[in-house]
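Structure file protein28.tsv (TSV, C-alpha atoms) is printed below.
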```
chain	number	residue	atom	x	y	z
A	14	MET	CA	-36.00	114.43	-72.07
A	15	LYS	CA	-34.88	114.86	-68.45
A	16	ALA	CA	-34.99	111.09	-68.02
A	17	ILE	CA	-32.67	110.60	-71.00
A	18	ILE	CA	-30.15	113.14	-69.66
A	19	LEU	CA	-30.29	111.54	-66.22
A	20	PHE	CA	-29.75	108.10	-67.76
A	21	PHE	CA	-26.68	109.20	-69.74
A	22	THR	CA	-25.26	110.97	-66.70
A	23	MET	CA	-25.60	107.84	-64.59
A	24	VAL	CA	-24.05	105.67	-67.32
A	25	SER	CA	-21.14	108.12	-67.64
A	26	PHE	CA	-20.40	107.89	-63.91
A	27	ALA	CA	-20.43	104.10	-64.13
A	28	PHE	CA	-17.42	104.23	-66.47
A	29	VAL	CA	-15.35	106.64	-64.38
A	30	ASN	CA	-12.56	104.78	-62.57
A	31	GLN	CA	-12.43	106.09	-59.01
A	32	THR	CA	-10.03	103.51	-57.59
A	33	GLU	CA	-6.62	104.36	-56.23
A	34	GLU	CA	-3.85	101.91	-56.81
A	35	ILE	CA	-1.71	101.27	-53.74
A	36	THR	CA	1.80	99.92	-54.39
A	37	THR	CA	4.64	98.86	-52.08
A	38	ILE	CA	8.29	98.87	-53.05
A	39	LYS	CA	11.52	98.14	-51.21
A	40	ALA	CA	13.81	101.12	-51.75
A	41	THR	CA	16.73	103.06	-50.31
A	42	TYR	CA	16.12	106.62	-49.16
A	43	ASN	CA	18.34	109.14	-50.97
A	44	GLY	CA	17.18	112.39	-49.42
A	45	TYR	CA	14.72	115.25	-49.38
A	46	ASP	CA	15.01	118.41	-51.47
A	47	GLU	CA	12.51	121.20	-52.14
A	48	GLY	CA	9.44	119.18	-51.17
A	49	THR	CA	10.41	115.95	-52.91
A	50	TYR	CA	11.44	112.65	-51.30
A	51	TYR	CA	13.91	110.57	-53.35
A	52	PHE	CA	14.23	106.77	-53.28
A	53	THR	CA	16.00	104.13	-55.41
A	54	ASP	CA	14.87	100.50	-55.56
A	55	GLU	CA	17.01	97.36	-55.92
A	56	ASP	CA	16.82	97.56	-59.73
A	57	GLU	CA	18.16	101.15	-59.70
A	58	ASN	CA	14.74	102.63	-60.55
A	59	ASN	CA	14.33	106.12	-59.11
A	60	TYR	CA	11.16	107.22	-57.33
A	61	TYR	CA	10.16	110.80	-56.57
A	62	PHE	CA	7.38	111.42	-54.05
A	63	ASP	CA	5.64	114.78	-53.89
A	64	SER	CA	4.15	114.31	-50.45
A	65	ILE	CA	3.82	112.04	-47.47
A	66	GLU	CA	0.74	111.38	-45.39
A	67	PRO	CA	0.89	112.65	-41.78
A	68	GLU	CA	0.81	109.17	-40.20
A	69	ALA	CA	3.88	108.06	-42.16
A	70	LEU	CA	5.69	111.32	-41.42
A	71	LYS	CA	5.06	110.92	-37.67
A	72	LYS	CA	6.85	107.60	-37.71
A	73	TYR	CA	9.85	108.67	-39.83
A	74	ASP	CA	10.74	112.33	-40.36
A	75	LEU	CA	12.44	112.00	-43.72
A	76	THR	CA	13.57	115.62	-43.63
A	77	ASP	CA	16.10	114.41	-41.04
A	78	GLU	CA	19.31	113.24	-42.75
A	79	GLU	CA	19.68	110.27	-40.36
A	80	PHE	CA	17.53	108.14	-42.71
A	81	ILE	CA	19.61	108.71	-45.86
A	82	GLY	CA	20.96	105.37	-47.05
A	83	LYS	CA	18.38	103.36	-45.07
A	84	THR	CA	16.11	100.86	-46.80
A	85	PHE	CA	12.34	101.09	-46.41
A	86	ASN	CA	9.23	99.30	-47.55
A	87	VAL	CA	7.47	102.28	-49.12
A	88	THR	CA	3.72	102.05	-49.67
A	89	TYR	CA	2.44	104.75	-51.99
A	90	LYS	CA	-0.49	105.82	-54.11
A	91	VAL	CA	-0.71	107.80	-57.32
A	92	VAL	CA	-3.15	110.70	-57.25
A	93	THR	CA	-4.15	112.61	-60.39
A	94	LYS	CA	-4.09	116.36	-59.80
A	95	THR	CA	-4.74	119.43	-61.94
A	96	ASP	CA	-2.25	122.30	-62.19
A	97	GLU	CA	-2.97	126.01	-62.64
A	98	PHE	CA	-3.26	125.49	-66.43
A	99	ASP	CA	-5.91	122.74	-65.98
A	100	GLU	CA	-3.37	120.10	-67.06
A	101	GLU	CA	-3.56	116.76	-65.26
A	102	PHE	CA	-0.47	115.20	-63.71
A	103	ASP	CA	0.29	112.26	-61.45
A	104	SER	CA	1.41	112.94	-57.90
A	105	PHE	CA	3.13	110.14	-55.96
A	106	VAL	CA	2.15	110.15	-52.27
A	107	ILE	CA	3.80	108.05	-49.55
A	108	VAL	CA	1.10	106.36	-47.49
A	109	LYS	CA	3.18	104.14	-45.19
A	110	LEU	CA	6.85	103.57	-44.36
A	111	GLN	CA	8.50	100.61	-42.69
A	112	LEU	CA	12.22	100.58	-42.00
A	113	VAL	CA	13.86	97.34	-43.21
A	114	GLU	CA	16.30	96.09	-40.61
```
Any chance you could give the structure as structure tokens?
Amino acid sequence: MKAIILFFTMVSFAFVNQTEEITTIKATYNGYDEGTYYFTDEDENNYYFDSIEPEALKKYDLTDEEFIGKTFNVTYKVVTKTDEFDEEFDSFVIVKLQLVE
């Protein structure tokens, strides 16, 4: 019986998708407000990022208004998180920034 449970547990883990998708967009920085970074791409799609990784923040402090209106190559990942009600939601995290000259 233990062998059957172990087998089904291992098979279940084989079907769990643990990969993170990394995406890069070219977008204009619109500002920072209450913990969210706002960008708009060339097709007028709006992007809202909940956080930024420390390495990217070291290079460009987006809380400084000097970057508003500047265009960046924004590399980000989507992380699934759970809120206080055990509901899952997607969190967009900036991984890398490169200012487009």
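Rounded to one decimal, atom CA of A:Lys94 and atom CA of A:Asp46 lie 20.9 Å from each other.
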TODO: List the neighbours of stretch 68-83 of chain A out to 7 Å using all atoms listed in the file; skip same-chain residues closer than 3 positions along the sequence, and give me the result as a count of residues only.
DONE: 9
Open item on the list: Please compute the atom CA of A:Thr95-atom CA of A:Ala40 distance, one decimal, in Å.
Closed with: 28.0 Å
Open item on the list: Just checking: using all atoms listed in the file, which residue out of A:Tyr50, A:Phe105, A:Tyr89, A:Phe98 ends up closest to A:Ile38?
Closed with: A:Tyr89
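We find atom CA of A:Lys39 and atom CA of A:Glu101 to be spaced 27.8 Å apart.
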Open item on the list: Which residues are near A:Tyr60? Cut-off 7 Å, all atoms listed in the file, ignore same chain within fewer than 6 positions. Put them as a PyMOL selection string.
Closed with: chain A and resi 51-53
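Restricting the calculation to all atoms listed in the file, the smallest distance between A:Ile35 and any of A:Ser104, A:Glu114, A:Thr88, A:Asp96 is found for A:Thr88.
With only C-alpha atoms as the atoms that count, the residue of A:Glu66, A:Glu47, A:Glu33, A:Glu55 with the shortest distance to A:Phe85 is A:Glu55.
Nearest-residue note for A:Thr49: choosing from A:Thr37, A:Val106, A:Gln111, A:Asp63, the minimum distance belongs to A:Asp63, counting only C-alpha atoms.
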